[in-house]
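*Asks:* Take this structure, written in structure tokens, and hold onto it; I'll ask about it next.
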Amino acid sequence: MLRSSIKSIWSLELLLLMKRDPGRAWSSDDLIQEMRSSTVVVQEALGHFQQAGLVAQEADGAFRYRPAAALLDQWAGEIETAYAQKPSAVMKLIFSSPDSKVQIFADSFLFRGKD
């Protein structure tokens, strides 16, 4: 689930920010400002989190950490704990994902041999 829902350290940090204050509804602009991130990064992460059932969009367009199942909240808590205790291990797992943007960027510099 980590690899399919969290595509970058930015998205992990975004999820953990929202998880720390589940009663708060965040506008996209608030998240962009708080994370010092771009609109694209925040919107993409929120889309993945919605699909995974980790956040819900309010009627006013704001987003709130609201796992669709207790198991998802437990999973997010385990990731939060792992990231606090062994951040490099969590980062390595995220970066090893085949669809990680960092991996895609790094792969673009690989020399392709002639077939």
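Identifiers in this document derive from the order of the structure tokens: chains are assigned A, B, ..., residues are numbered from 1 separately in each chain, and ligands are numbered from 1 in order of occurrence.
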Mind checking which residues fall within 12 Å of Gly61 (chain A), counting only C-alpha atoms, ignoring those fewer than 3 positions away in the same chain, and posting them as an MDAnalysis selection string?

*Replies:* chainID A and resid 25:30 43 46 56:58 64

*Asks:* Would you mind exporting the chosen residues as a JSON list (two decimals), in the first residue's frame, restricted to N, CA and C atoms?

*Replies:*
[["chain", "number", "residue", "atom", "x", "y", "z"],
["A", 25, "ALA", "N", -9.96, 20.73, 8.27],
["A", 25, "ALA", "CA", -10.17, 20.63, 6.83],
["A", 25, "ALA", "C", -9.21, 21.60, 6.16],
["A", 26, "TRP", "N", -8.41, 21.10, 5.25],
["A", 26, "TRP", "CA", -7.37, 21.88, 4.59],
["A", 26, "TRP", "C", -7.80, 22.24, 3.16],
["A", 27, "SER", "N", -7.65, 23.50, 2.82],
["A", 27, "SER", "CA", -7.82, 23.86, 1.42],
["A", 27, "SER", "C", -6.53, 23.49, 0.69],
["A", 28, "SER", "N", -6.61, 23.35, -0.61],
["A", 28, "SER", "CA", -5.39, 23.07, -1.39],
["A", 28, "SER", "C", -4.36, 24.17, -1.18],
["A", 29, "ASP", "N", -4.82, 25.42, -1.16],
["A", 29, "ASP", "CA", -3.91, 26.54, -0.97],
["A", 29, "ASP", "C", -3.21, 26.47, 0.39],
["A", 30, "ASP", "N", -3.96, 26.10, 1.43],
["A", 30, "ASP", "CA", -3.35, 25.96, 2.76],
["A", 30, "ASP", "C", -2.27, 24.89, 2.74],
["A", 43, "GLN", "N", -2.00, 18.44, -5.45],
["A", 43, "GLN", "CA", -3.19, 17.89, -6.08],
["A", 43, "GLN", "C", -3.02, 16.41, -6.42],
["A", 46, "LEU", "N", -3.17, 14.40, -3.13],
["A", 46, "LEU", "CA", -4.54, 14.33, -2.64],
["A", 46, "LEU", "C", -5.39, 13.36, -3.47],
["A", 56, "ALA", "N", -10.80, 12.64, 2.60],
["A", 56, "ALA", "CA", -12.11, 12.91, 2.00],
["A", 56, "ALA", "C", -12.19, 14.38, 1.66],
["A", 57, "GLN", "N", -12.88, 14.66, 0.58],
["A", 57, "GLN", "CA", -13.07, 16.05, 0.19],
["A", 57, "GLN", "C", -14.41, 16.54, 0.74],
["A", 58, "GLU", "N", -14.37, 17.69, 1.37],
["A", 58, "GLU", "CA", -15.57, 18.30, 1.96],
["A", 58, "GLU", "C", -16.38, 18.99, 0.86],
["A", 64, "ARG", "N", -9.79, 16.59, 4.26],
["A", 64, "ARG", "CA", -9.62, 16.20, 5.65],
["A", 64, "ARG", "C", -9.09, 14.77, 5.69]]

*Asks:* Compare A:Leu54, A:Ile94, A:Leu16, A:Met35 by their minimum atom-to-atom distance to Ala68 (chain A), counting only C-alpha atoms, and give me the closest one.

*Replies:*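 Using only C-alpha atoms, Ala68 (chain A) sits closest to A:Leu54.
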
*Asks:* Can you list every residue in region 12-102 of chain A that DSSP puts in alpha helix (DSSP H), as a PDB file with C-alpha atoms, in the first residue's frame?

*Replies:*
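Saved result, part-v4.pdb, follows:
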ATOM      1  CA  LEU A  12       4.255  11.225   2.765  1.00  0.00           C
ATOM      2  CA  GLU A  13       4.855  14.498   4.603  1.00  0.00           C
ATOM      3  CA  LEU A  14       1.501  15.781   3.345  1.00  0.00           C
ATOM      4  CA  LEU A  15      -0.329  12.718   4.628  1.00  0.00           C
ATOM      5  CA  LEU A  16       1.380  12.933   8.010  1.00  0.00           C
ATOM      6  CA  LEU A  17       0.564  16.641   8.285  1.00  0.00           C
ATOM      7  CA  MET A  18      -3.113  15.938   7.694  1.00  0.00           C
ATOM      8  CA  LYS A  19      -3.065  12.912  10.006  1.00  0.00           C
ATOM      9  CA  ARG A  20      -1.660  14.952  12.901  1.00  0.00           C
ATOM     10  CA  SER A  28      -5.394  23.068  -1.388  1.00  0.00           C
ATOM     11  CA  ASP A  29      -3.905  26.538  -0.973  1.00  0.00           C
ATOM     12  CA  ASP A  30      -3.351  25.958   2.761  1.00  0.00           C
ATOM     13  CA  LEU A  31      -1.569  22.682   2.028  1.00  0.00           C
ATOM     14  CA  ILE A  32       0.549  24.255  -0.699  1.00  0.00           C
ATOM     15  CA  GLN A  33       1.588  27.059   1.644  1.00  0.00           C
ATOM     16  CA  GLU A  34       2.177  24.775   4.651  1.00  0.00           C
ATOM     17  CA  MET A  35       4.213  22.274   2.629  1.00  0.00           C
ATOM     18  CA  THR A  39      -0.069  22.886  -6.845  1.00  0.00           C
ATOM     19  CA  VAL A  40       0.701  19.846  -8.989  1.00  0.00           C
ATOM     20  CA  VAL A  41       2.430  17.926  -6.185  1.00  0.00           C
ATOM     21  CA  VAL A  42      -0.337  18.614  -3.670  1.00  0.00           C
ATOM     22  CA  GLN A  43      -3.194  17.890  -6.081  1.00  0.00           C
ATOM     23  CA  GLU A  44      -1.573  14.657  -7.244  1.00  0.00           C
ATOM     24  CA  ALA A  45      -1.002  13.454  -3.688  1.00  0.00           C
ATOM     25  CA  LEU A  46      -4.540  14.330  -2.638  1.00  0.00           C
ATOM     26  CA  GLY A  47      -5.893  12.417  -5.631  1.00  0.00           C
ATOM     27  CA  HIS A  48      -3.918   9.315  -4.656  1.00  0.00           C
ATOM     28  CA  PHE A  49      -5.029   9.627  -1.039  1.00  0.00           C
ATOM     29  CA  GLN A  50      -8.677   9.979  -2.062  1.00  0.00           C
ATOM     30  CA  GLN A  51      -8.448   6.880  -4.242  1.00  0.00           C
ATOM     31  CA  ALA A  52      -6.824   4.988  -1.376  1.00  0.00           C
ATOM     32  CA  ALA A  70      -9.859   1.629  10.727  1.00  0.00           C
ATOM     33  CA  LEU A  71      -7.254  -0.539   9.011  1.00  0.00           C
ATOM     34  CA  LEU A  72      -6.208   2.410   6.839  1.00  0.00           C
ATOM     35  CA  ASP A  73      -5.765   4.604   9.898  1.00  0.00           C
ATOM     36  CA  GLN A  74      -3.712   1.843  11.511  1.00  0.00           C
ATOM     37  CA  TRP A  75      -1.603   1.560   8.360  1.00  0.00           C
ATOM     38  CA  ALA A  76      -0.986   5.331   8.315  1.00  0.00           C
ATOM     39  CA  GLY A  77      -0.004   5.198  11.983  1.00  0.00           C
ATOM     40  CA  GLU A  78       2.475   2.401  11.299  1.00  0.00           C
ATOM     41  CA  ILE A  79       4.028   4.415   8.486  1.00  0.00           C
ATOM     42  CA  GLU A  80       4.220   7.464  10.740  1.00  0.00           C
ATOM     43  CA  THR A  81       6.003   5.414  13.408  1.00  0.00           C
ATOM     44  CA  ALA A  82       8.370   3.801  10.914  1.00  0.00           C
ATOM     45  CA  TYR A  83       9.195   7.175   9.357  1.00  0.00           C
ATOM     46  CA  ALA A  84       9.915   8.670  12.794  1.00  0.00           C
ATOM     47  CA  GLN A  85      12.133   5.740  13.820  1.00  0.00           C
ATOM     48  CA  PRO A  87      13.275   7.597   7.992  1.00  0.00           C
ATOM     49  CA  SER A  88      15.961   6.349   5.626  1.00  0.00           C
ATOM     50  CA  ALA A  89      14.331   2.915   5.378  1.00  0.00           C
ATOM     51  CA  VAL A  90      10.962   4.467   4.507  1.00  0.00           C
ATOM     52  CA  MET A  91      12.604   6.808   1.993  1.00  0.00           C
ATOM     53  CA  LYS A  92      14.423   3.902   0.388  1.00  0.00           C
ATOM     54  CA  LEU A  93      11.148   2.008   0.018  1.00  0.00           C
ATOM     55  CA  ILE A  94       9.459   5.006  -1.597  1.00  0.00           C
ATOM     56  CA  PHE A  95      12.376   5.623  -3.963  1.00  0.00           C
ATOM     57  CA  LYS A 101       9.114  10.147  -9.905  1.00  0.00           C
ATOM     58  CA  VAL A 102      12.669  10.092  -8.582  1.00  0.00           C
TER      59      VAL A 102
END

*Asks:* Among region 10-115 of chain A, which residues carry a DSSP assignment of strand (DSSP E), reported as JSON, numbers by chain?

*Replies:* {"A": [55, 56, 57, 63, 64, 65]}
